[in-house]
$ cat start.cif   # mmCIF, C-alpha atoms
data_my_file
loop_
_atom_site.label_atom_id
_atom_site.label_comp_id
_atom_site.auth_asym_id
_atom_site.auth_seq_id
_atom_site.Cartn_x
_atom_site.Cartn_y
_atom_site.Cartn_z
CA MET A 157 119.21 81.83 78.25
CA LYS A 158 116.43 83.11 75.97
CA ASN A 159 113.92 80.84 77.74
CA LEU A 160 114.97 82.17 81.14
CA PHE A 161 114.62 85.75 79.91
CA LEU A 162 111.20 84.97 78.39
CA ALA A 163 110.00 83.28 81.60
CA LEU A 164 111.13 86.25 83.70
CA PHE A 165 109.46 88.71 81.31
CA LEU A 166 106.16 86.79 81.43
CA LEU A 167 106.26 86.52 85.22
CA LEU A 168 106.75 90.27 85.60
CA ASN A 169 103.89 91.00 83.19
CA PHE A 170 101.50 88.67 85.01
CA THR A 171 102.41 90.28 88.32
CA ALA A 172 101.86 93.78 86.94
CA PHE A 173 98.48 92.94 85.44
CA ALA A 174 97.29 91.02 88.51
CA GLN A 175 97.12 94.16 90.65
CA LYS A 176 93.75 95.89 90.93
CA PRO A 177 93.55 99.33 89.35
CA CYS A 178 92.68 102.23 91.62
CA GLU A 179 89.12 103.41 91.13
CA ILE A 180 89.10 106.93 92.54
CA ASP A 181 85.76 108.61 93.20
CA ASN A 182 87.05 111.95 94.59
CA ASP A 183 90.48 113.54 94.25
CA ILE A 184 90.36 117.11 95.55
CA LYS A 185 93.41 119.31 96.12
CA ASP A 186 92.82 122.90 97.15
CA SER A 187 93.93 125.53 99.68
CA LEU A 188 92.29 123.54 102.51
CA GLY A 189 94.30 120.37 101.77
CA ILE A 190 93.64 117.09 100.05
CA TYR A 191 90.76 114.64 100.00
CA LYS A 192 90.89 111.41 98.04
CA SER A 193 88.42 108.51 98.14
CA THR A 194 87.87 105.24 96.31
CA LYS A 195 84.63 104.11 94.72
CA GLN A 196 82.32 102.01 96.88
CA HIS A 197 82.80 98.24 96.86
CA VAL A 198 80.41 95.59 98.11
CA ILE A 199 82.12 93.86 101.03
CA PHE A 200 79.30 91.78 102.45
CA GLU A 201 76.03 90.54 101.05
CA ARG A 202 73.38 88.36 102.68
CA SER A 203 69.91 87.59 101.41
CA PHE A 204 67.53 85.26 103.23
CA ALA A 205 63.74 84.94 103.43
CA GLY A 206 63.03 88.31 101.82
CA ASN A 207 65.53 90.18 104.01
CA SER A 208 68.86 91.42 102.69
CA THR A 209 71.92 93.19 104.06
CA ASN A 210 74.65 94.78 101.94
CA ILE A 211 77.76 96.46 103.31
CA PHE A 212 79.78 98.85 101.16
CA PHE A 213 83.29 100.17 101.89
CA SER A 214 85.07 103.21 100.51
CA LEU A 215 88.59 104.20 101.64
CA TYR A 216 89.57 107.84 101.98
CA ASN A 217 92.49 110.10 102.83
CA ASP A 218 91.55 113.42 104.40
CA ASN A 219 94.71 115.52 104.81
CA GLY A 220 96.77 112.47 105.78
CA ILE A 221 94.12 110.78 107.94
CA LEU A 222 93.18 107.42 106.49
CA GLY A 223 89.64 106.25 107.03
CA LEU A 224 86.84 103.99 105.93
CA GLU A 225 83.37 105.10 104.88
CA THR A 226 80.93 102.31 105.68
CA GLN A 227 77.40 102.10 104.36
CA ILE A 228 74.96 99.40 105.44
CA LEU A 229 71.85 98.84 103.33
CA GLN A 230 69.10 96.66 104.80
CA ARG A 231 65.95 95.68 102.89
CA SER A 232 62.82 93.89 104.05
CA GLN A 233 59.06 93.76 103.61
CA ASP A 234 58.86 93.86 107.42
CA PHE A 235 59.94 96.64 109.78
CA ILE A 236 63.74 96.93 110.03
CA LYS A 237 65.20 97.37 113.49
CA ALA A 238 67.61 100.30 113.71
CA ILE A 239 71.32 99.71 114.10
CA CYS A 240 73.10 102.77 115.42
CA PHE A 241 76.63 104.14 115.46
CA ASP A 242 77.81 106.15 118.47
CA ALA A 243 81.13 107.17 120.04
CA SER A 244 81.73 103.61 121.31
CA SER A 245 81.23 101.97 117.89
CA LYS A 246 84.14 100.08 116.34
CA ILE A 247 84.94 97.78 113.46
CA TYR A 248 87.17 94.82 114.25
CA LEU A 249 88.85 93.11 111.31
CA GLN A 250 90.37 89.68 111.87
CA LEU A 251 93.17 88.98 109.44
CA ASN A 252 94.32 85.69 107.97
CA ASN A 253 97.52 85.96 110.07
CA ASN A 254 95.31 86.01 113.25
CA LYS A 255 95.97 89.70 113.99
CA ILE A 256 93.04 92.00 114.69
CA VAL A 257 92.83 95.56 113.37
CA THR A 258 90.45 97.96 115.12
CA LEU A 259 88.88 100.99 113.45
CA LEU A 260 87.34 103.72 115.61
CA TYR A 261 84.09 105.52 114.81
CA ALA A 262 84.66 109.19 113.98
CA GLY A 263 81.21 110.56 113.23
CA ALA A 264 78.11 111.86 114.93
CA ASP A 265 75.61 109.47 116.51
CA THR A 266 73.30 108.05 113.84
CA CYS A 267 70.73 105.30 113.36
CA GLY A 268 70.42 105.80 109.64
CA ASN A 269 67.33 106.53 107.59
CA LEU A 270 64.31 104.32 107.02
CA LEU A 271 62.86 104.71 103.52
CA ARG A 272 60.06 102.99 101.65
CA ASP A 273 60.48 102.21 97.97
CA GLU A 274 57.95 101.97 95.14
CA ASN A 275 57.30 98.29 96.00
CA ASN A 276 56.35 99.29 99.57
CA SER A 277 59.50 97.62 100.94
CA ASN A 278 61.44 99.02 103.87
CA ASN A 279 65.03 100.13 103.29
CA ARG A 280 67.36 101.30 106.06
CA ILE A 281 70.62 103.02 105.13
CA THR A 282 73.16 103.51 107.91
CA SER A 283 76.46 105.26 107.15
CA GLY A 284 79.50 105.72 109.33
CA THR A 285 83.06 107.00 109.16
CA PHE A 286 85.83 104.99 110.83
CA VAL A 287 89.52 105.85 111.14
CA PHE A 288 92.68 103.76 111.28
CA SER A 289 95.41 104.29 113.80
CA LYS A 290 98.88 104.65 112.30
CA GLU A 291 100.19 101.47 113.90
CA ASN A 292 97.43 99.12 112.82
CA PHE A 293 96.64 99.70 109.16
CA GLU A 294 100.00 98.42 107.88
CA GLU A 295 98.89 94.83 108.63
CA LEU A 296 95.90 95.28 106.30
CA LYS A 297 98.27 95.70 103.34
CA LYS A 298 99.87 92.31 104.01
CA SER A 299 97.15 89.89 105.07
CA PRO A 300 93.59 89.20 103.83
CA VAL A 301 90.62 89.92 106.10
CA THR A 302 88.64 86.82 107.03
CA PHE A 303 86.10 88.17 109.50
CA MET A 304 84.54 91.50 110.54
CA ARG A 305 82.78 92.39 113.78
CA ILE A 306 80.91 95.68 114.06
CA LYS A 307 80.15 97.03 117.52
CA TYR A 308 77.05 99.16 117.15
CA ALA A 309 75.54 101.33 119.90
CA GLY A 310 73.34 98.52 121.28
CA GLU A 311 74.71 95.27 119.87
CA THR A 312 77.58 93.55 118.12
CA ILE A 313 77.13 91.73 114.80
CA ASP A 314 79.62 89.41 113.07
CA TYR A 315 80.13 89.30 109.31
CA PRO A 316 82.27 86.54 107.76
CA PHE A 317 84.18 87.58 104.65
CA ARG A 318 84.21 85.50 101.50
CA THR A 319 87.15 85.17 99.17
CA ALA A 320 84.96 86.18 96.22
CA PHE A 321 81.28 86.41 95.29
CA VAL A 322 79.03 87.69 92.52
CA SER A 323 76.87 90.50 93.87
CA GLU A 324 73.11 90.25 93.42
CA LEU A 325 72.99 94.05 93.07
CA ASP A 326 75.19 94.57 90.01
CA LYS A 327 76.31 91.05 89.01
CA LYS A 328 79.99 92.00 89.43
CA VAL A 329 82.58 89.84 91.15
CA TYR A 330 83.87 91.25 94.47
CA GLU A 331 86.80 89.97 96.52
CA PRO A 332 86.31 91.28 100.07
CA GLU A 333 89.17 89.35 101.69
CA GLY A 334 91.72 91.25 99.58
CA TYR A 335 89.97 94.64 99.64
CA PHE A 336 92.53 96.44 101.80
CA ILE A 337 95.50 94.78 100.10
CA ASP A 338 94.17 95.94 96.72
CA PHE A 339 92.94 99.44 97.56
CA LEU A 340 94.80 100.98 100.55
CA LYS A 341 97.61 101.95 98.17
CA CYS A 342 95.11 104.07 96.25
CA VAL A 343 94.58 106.59 99.06
CA GLU A 344 97.88 106.50 100.96
CA ASN A 345 99.56 109.26 98.95
#
$ encode --input "start.cif" --output "structure tokens"
Amino acid sequence: MKNLFLALFLLLNFTAFAQKPCEIDNDIKDSLGIYKSTKQHVIFERSFAGNSTNIFFSLYNDNGILGLETQILQRSQDFIKAICFDASSKIYLQLNNNKIVTLLYAGADTCGNLLRDENNSNNRITSGTFVFSKENFEELKKSPVTFMRIKYAGETIDYPFRTAFVSELDKKVYEPEGYFIDFLKCVEN
């Protein structure tokens, strides 16, 4: 009986410690309402032949509306073609259970900013705000994301998700497939 109790106790402790802690960046409550957002996480990273693309996600709750802040950072020694968000832009997330969740763009038209750094490299930063519909985000809490497709203003680009990777930017381990499972709970309330 003691062994059964000990096994159950250990199992519950492992389960409790296995969950990701919420990393909140903003938690504002005032007379206008509430705004809560998570810290940015690297979701996608690709580096090839001197060109790199990094995609960062941050979840937010703005007075009960759940959304996703997306930031795309492109770097190259060559000119970087603009990718733009407009009213028709969407993010499609394919889940491990073969369901697809669609997020709708909720911002102004933008093609980002092109900046040059001290090494004379080109950097393009494109940011966008996407919102969930009430009926589709529940699936994200149950099943990992395996694939993302972003419909930009002029093209559609696919981004496969990895289970885990070590980012070249900060040398931390990121687990993009489980991002929504781990962090949606942080902004729901």
$ residues_around --input "start.cif" --residues "Thr312 in chain A" --least-positions-apart "2" --cutoff "10 Å" --atoms "only C-alpha atoms" --output "list in words"
Ile239, Ser245, Lys246, Ile247, Arg305, Ile306, Lys307, Tyr308, Ala309, Gly310 and Asp314 of chain A
$ atom_distance --input "start.cif" --atom1 "CA of Ser283 in chain A" --atom2 "CA of Leu229 in chain A"
8.8 Å
$ residues_around --input "start.cif" --residues "Lys290 in chain A" --least-positions-apart "3" --cutoff "9 Å" --atoms "only C-alpha atoms" --output "PyMOL selection string"
chain A and resi 221-222+293-294
$ closest_residue --input "start.cif" --among "A:Thr209, A:Gln196, A:Gln233, A:Thr258" --to "Glu274 in chain A" --atoms "only C-alpha atoms"
A:Gln233
$ atom_distance --input "start.cif" --atom1 "CA of Asn254 in chain A" --atom2 "CA of Ser289 in chain A"
18.3 Å
$ residues_near_point --input "start.cif" --point "(90.6, 102.8, 89.9)" --cutoff "8 Å" --atoms "all atoms listed in the file" --output "number ranges by chain"
A: 176-180, 194-195, 342
$ write_last_selection --input "start.cif" --atoms "C-alpha atoms" --output "CSV table (one decimal), in the frame of the given file"
chain,number,residue,atom,x,y,z
A,176,LYS,CA,93.8,95.9,90.9
A,177,PRO,CA,93.6,99.3,89.4
A,178,CYS,CA,92.7,102.2,91.6
A,179,GLU,CA,89.1,103.4,91.1
A,180,ILE,CA,89.1,106.9,92.5
A,194,THR,CA,87.9,105.2,96.3
A,195,LYS,CA,84.6,104.1,94.7
A,342,CYS,CA,95.1,104.1,96.2
$ residues_around --input "start.cif" --residues "Gln227 in chain A" --least-positions-apart "4" --cutoff "9 Å" --atoms "all atoms listed in the file" --output "list in words"
Gln196, Asn210, Ile211, Phe212, Phe213, Ser214, Ile281, Thr282, Ser283, Gly284 and Thr285 of chain A
$ closest_residue --input "start.cif" --among "A:Val198, A:Leu270, A:Leu340, A:Ile190" --to "Arg231 in chain A" --atoms "all atoms listed in the file"
A:Leu270
$ residues_near_point --input "start.cif" --point "(85.7, 85.2, 100.7)" --cutoff "7 Å" --atoms "only C-alpha atoms" --output "list of chain:residue names"
A:Phe317, A:Arg318, A:Thr319, A:Ala320, A:Glu331, A:Pro332, A:Glu333
$ write_last_selection --input "start.cif" --atoms "C-alpha atoms" --output "mmCIF file, in the coordinates of the input"
data_model
loop_
_atom_site.group_PDB
_atom_site.id
_atom_site.type_symbol
_atom_site.label_atom_id
_atom_site.label_comp_id
_atom_site.auth_asym_id
_atom_site.auth_seq_id
_atom_site.Cartn_x
_atom_site.Cartn_y
_atom_site.Cartn_z
ATOM 1 C CA PHE A 317 84.180 87.580 104.650
ATOM 2 C CA ARG A 318 84.210 85.500 101.500
ATOM 3 C CA THR A 319 87.150 85.170 99.170
ATOM 4 C CA ALA A 320 84.960 86.180 96.220
ATOM 5 C CA GLU A 331 86.800 89.970 96.520
ATOM 6 C CA PRO A 332 86.310 91.280 100.070
ATOM 7 C CA GLU A 333 89.170 89.350 101.690
#
$ decode --input "start.cif" --residues "range 224-334 of chain A" --atoms "C-alpha atoms" --output "PDB file, in the first residue's frame"
ATOM      1  CA  LEU A 224      -1.690  36.287 -31.381  1.00  0.00           C
ATOM      2  CA  GLU A 225       1.000  38.896 -31.949  1.00  0.00           C
ATOM      3  CA  THR A 226       3.282  37.689 -34.723  1.00  0.00           C
ATOM      4  CA  GLN A 227       6.661  39.169 -35.530  1.00  0.00           C
ATOM      5  CA  ILE A 228       8.747  38.048 -38.495  1.00  0.00           C
ATOM      6  CA  LEU A 229      12.424  38.981 -38.563  1.00  0.00           C
ATOM      7  CA  GLN A 230      14.295  38.479 -41.840  1.00  0.00           C
ATOM      8  CA  ARG A 231      18.044  39.074 -42.224  1.00  0.00           C
ATOM      9  CA  SER A 232      20.235  39.080 -45.311  1.00  0.00           C
ATOM     10  CA  GLN A 233      23.226  40.785 -46.912  1.00  0.00           C
ATOM     11  CA  ASP A 234      21.043  41.132 -50.027  1.00  0.00           C
ATOM     12  CA  PHE A 235      17.842  43.138 -50.469  1.00  0.00           C
ATOM     13  CA  ILE A 236      14.885  41.552 -48.651  1.00  0.00           C
ATOM     14  CA  LYS A 237      11.606  41.379 -50.536  1.00  0.00           C
ATOM     15  CA  ALA A 238       8.686  42.770 -48.545  1.00  0.00           C
ATOM     16  CA  ILE A 239       6.025  40.462 -47.164  1.00  0.00           C
ATOM     17  CA  CYS A 240       2.850  42.328 -46.328  1.00  0.00           C
ATOM     18  CA  PHE A 241      -0.188  41.810 -44.133  1.00  0.00           C
ATOM     19  CA  ASP A 242      -3.569  43.117 -45.290  1.00  0.00           C
ATOM     20  CA  ALA A 243      -7.248  42.455 -44.536  1.00  0.00           C
ATOM     21  CA  SER A 244      -7.135  39.114 -46.395  1.00  0.00           C
ATOM     22  CA  SER A 245      -4.123  37.783 -44.442  1.00  0.00           C
ATOM     23  CA  LYS A 246      -4.572  34.651 -42.342  1.00  0.00           C
ATOM     24  CA  ILE A 247      -2.574  32.125 -40.376  1.00  0.00           C
ATOM     25  CA  TYR A 248      -3.546  28.492 -40.828  1.00  0.00           C
ATOM     26  CA  LEU A 249      -2.348  26.057 -38.176  1.00  0.00           C
ATOM     27  CA  GLN A 250      -2.503  22.344 -38.962  1.00  0.00           C
ATOM     28  CA  LEU A 251      -2.793  20.266 -35.827  1.00  0.00           C
ATOM     29  CA  ASN A 252      -1.516  16.775 -35.129  1.00  0.00           C
ATOM     30  CA  ASN A 253      -5.148  15.543 -35.097  1.00  0.00           C
ATOM     31  CA  ASN A 254      -5.505  16.797 -38.750  1.00  0.00           C
ATOM     32  CA  LYS A 255      -7.772  19.726 -37.816  1.00  0.00           C
ATOM     33  CA  ILE A 256      -6.954  23.193 -39.118  1.00  0.00           C
ATOM     34  CA  VAL A 257      -7.318  26.344 -37.022  1.00  0.00           C
ATOM     35  CA  THR A 258      -7.551  29.673 -38.847  1.00  0.00           C
ATOM     36  CA  LEU A 259      -6.550  33.010 -37.333  1.00  0.00           C
ATOM     37  CA  LEU A 260      -7.745  36.234 -38.958  1.00  0.00           C
ATOM     38  CA  TYR A 261      -5.613  39.345 -39.383  1.00  0.00           C
ATOM     39  CA  ALA A 262      -6.872  42.238 -37.253  1.00  0.00           C
ATOM     40  CA  GLY A 263      -4.468  45.077 -37.958  1.00  0.00           C
ATOM     41  CA  ALA A 264      -3.756  47.796 -40.472  1.00  0.00           C
ATOM     42  CA  ASP A 265      -2.048  46.996 -43.770  1.00  0.00           C
ATOM     43  CA  THR A 266       1.715  46.763 -43.266  1.00  0.00           C
ATOM     44  CA  CYS A 267       4.834  45.597 -45.068  1.00  0.00           C
ATOM     45  CA  GLY A 268       7.104  46.024 -42.091  1.00  0.00           C
ATOM     46  CA  ASN A 269      10.267  48.069 -41.784  1.00  0.00           C
ATOM     47  CA  LEU A 270      13.573  47.589 -43.572  1.00  0.00           C
ATOM     48  CA  LEU A 271      16.551  48.483 -41.379  1.00  0.00           C
ATOM     49  CA  ARG A 272      20.303  48.261 -41.859  1.00  0.00           C
ATOM     50  CA  ASP A 273      22.493  47.222 -38.954  1.00  0.00           C
ATOM     51  CA  GLU A 274      26.075  48.118 -38.054  1.00  0.00           C
ATOM     52  CA  ASN A 275      27.374  45.256 -40.260  1.00  0.00           C
ATOM     53  CA  ASN A 276      25.541  46.745 -43.268  1.00  0.00           C
ATOM     54  CA  SER A 277      23.092  43.816 -43.312  1.00  0.00           C
ATOM     55  CA  ASN A 278      19.443  44.222 -44.220  1.00  0.00           C
ATOM     56  CA  ASN A 279      16.828  43.423 -41.580  1.00  0.00           C
ATOM     57  CA  ARG A 280      13.083  43.428 -42.232  1.00  0.00           C
ATOM     58  CA  ILE A 281      10.686  43.303 -39.285  1.00  0.00           C
ATOM     59  CA  THR A 282       7.034  42.616 -40.061  1.00  0.00           C
ATOM     60  CA  SER A 283       4.500  42.500 -37.219  1.00  0.00           C
ATOM     61  CA  GLY A 284       0.863  41.524 -37.262  1.00  0.00           C
ATOM     62  CA  THR A 285      -2.038  40.895 -34.912  1.00  0.00           C
ATOM     63  CA  PHE A 286      -4.270  37.869 -35.492  1.00  0.00           C
ATOM     64  CA  VAL A 287      -7.403  36.838 -33.593  1.00  0.00           C
ATOM     65  CA  PHE A 288      -8.963  33.482 -32.781  1.00  0.00           C
ATOM     66  CA  SER A 289     -12.609  32.724 -33.241  1.00  0.00           C
ATOM     67  CA  LYS A 290     -14.317  31.281 -30.166  1.00  0.00           C
ATOM     68  CA  GLU A 291     -15.041  27.940 -31.807  1.00  0.00           C
ATOM     69  CA  ASN A 292     -11.566  27.183 -33.097  1.00  0.00           C
ATOM     70  CA  PHE A 293      -9.028  27.923 -30.388  1.00  0.00           C
ATOM     71  CA  GLU A 294     -10.177  25.105 -28.068  1.00  0.00           C
ATOM     72  CA  GLU A 295      -8.524  22.553 -30.394  1.00  0.00           C
ATOM     73  CA  LEU A 296      -5.162  24.294 -29.902  1.00  0.00           C
ATOM     74  CA  LYS A 297      -5.228  23.388 -26.199  1.00  0.00           C
ATOM     75  CA  LYS A 298      -5.529  19.677 -27.015  1.00  0.00           C
ATOM     76  CA  SER A 299      -3.332  18.936 -30.020  1.00  0.00           C
ATOM     77  CA  PRO A 300       0.193  20.006 -31.054  1.00  0.00           C
ATOM     78  CA  VAL A 301       0.682  22.185 -34.147  1.00  0.00           C
ATOM     79  CA  THR A 302       2.673  20.479 -36.893  1.00  0.00           C
ATOM     80  CA  PHE A 303       2.499  23.007 -39.721  1.00  0.00           C
ATOM     81  CA  MET A 304       1.770  26.710 -40.263  1.00  0.00           C
ATOM     82  CA  ARG A 305       0.755  28.483 -43.464  1.00  0.00           C
ATOM     83  CA  ILE A 306       0.705  32.281 -43.572  1.00  0.00           C
ATOM     84  CA  LYS A 307      -1.317  33.977 -46.284  1.00  0.00           C
ATOM     85  CA  TYR A 308       0.326  37.328 -46.881  1.00  0.00           C
ATOM     86  CA  ALA A 309      -1.042  40.078 -49.143  1.00  0.00           C
ATOM     87  CA  GLY A 310       0.725  38.756 -52.258  1.00  0.00           C
ATOM     88  CA  GLU A 311       1.790  35.193 -51.491  1.00  0.00           C
ATOM     89  CA  THR A 312       1.423  32.219 -49.193  1.00  0.00           C
ATOM     90  CA  ILE A 313       4.399  30.700 -47.355  1.00  0.00           C
ATOM     91  CA  ASP A 314       4.519  27.396 -45.460  1.00  0.00           C
ATOM     92  CA  TYR A 315       6.448  26.882 -42.232  1.00  0.00           C
ATOM     93  CA  PRO A 316       6.866  23.366 -40.796  1.00  0.00           C
ATOM     94  CA  PHE A 317       6.987  23.214 -37.005  1.00  0.00           C
ATOM     95  CA  ARG A 318       9.622  21.242 -35.142  1.00  0.00           C
ATOM     96  CA  THR A 319       9.049  19.423 -31.895  1.00  0.00           C
ATOM     97  CA  ALA A 320      12.005  21.240 -30.324  1.00  0.00           C
ATOM     98  CA  PHE A 321      15.093  23.194 -31.375  1.00  0.00           C
ATOM     99  CA  VAL A 322      17.881  25.283 -29.885  1.00  0.00           C
ATOM    100  CA  SER A 323      17.578  28.850 -31.154  1.00  0.00           C
ATOM    101  CA  GLU A 324      20.612  30.437 -32.778  1.00  0.00           C
ATOM    102  CA  LEU A 325      19.525  33.798 -31.331  1.00  0.00           C
ATOM    103  CA  ASP A 326      19.599  33.053 -27.603  1.00  0.00           C
ATOM    104  CA  LYS A 327      20.696  29.389 -27.371  1.00  0.00           C
ATOM    105  CA  LYS A 328      17.473  28.443 -25.537  1.00  0.00           C
ATOM    106  CA  VAL A 329      15.387  25.369 -26.298  1.00  0.00           C
ATOM    107  CA  TYR A 330      11.967  26.124 -27.840  1.00  0.00           C
ATOM    108  CA  GLU A 331       9.124  23.665 -28.413  1.00  0.00           C
ATOM    109  CA  PRO A 332       6.865  25.198 -31.068  1.00  0.00           C
ATOM    110  CA  GLU A 333       4.562  22.197 -31.541  1.00  0.00           C
ATOM    111  CA  GLY A 334       3.318  22.520 -27.949  1.00  0.00           C
TER     112      GLY A 334
END
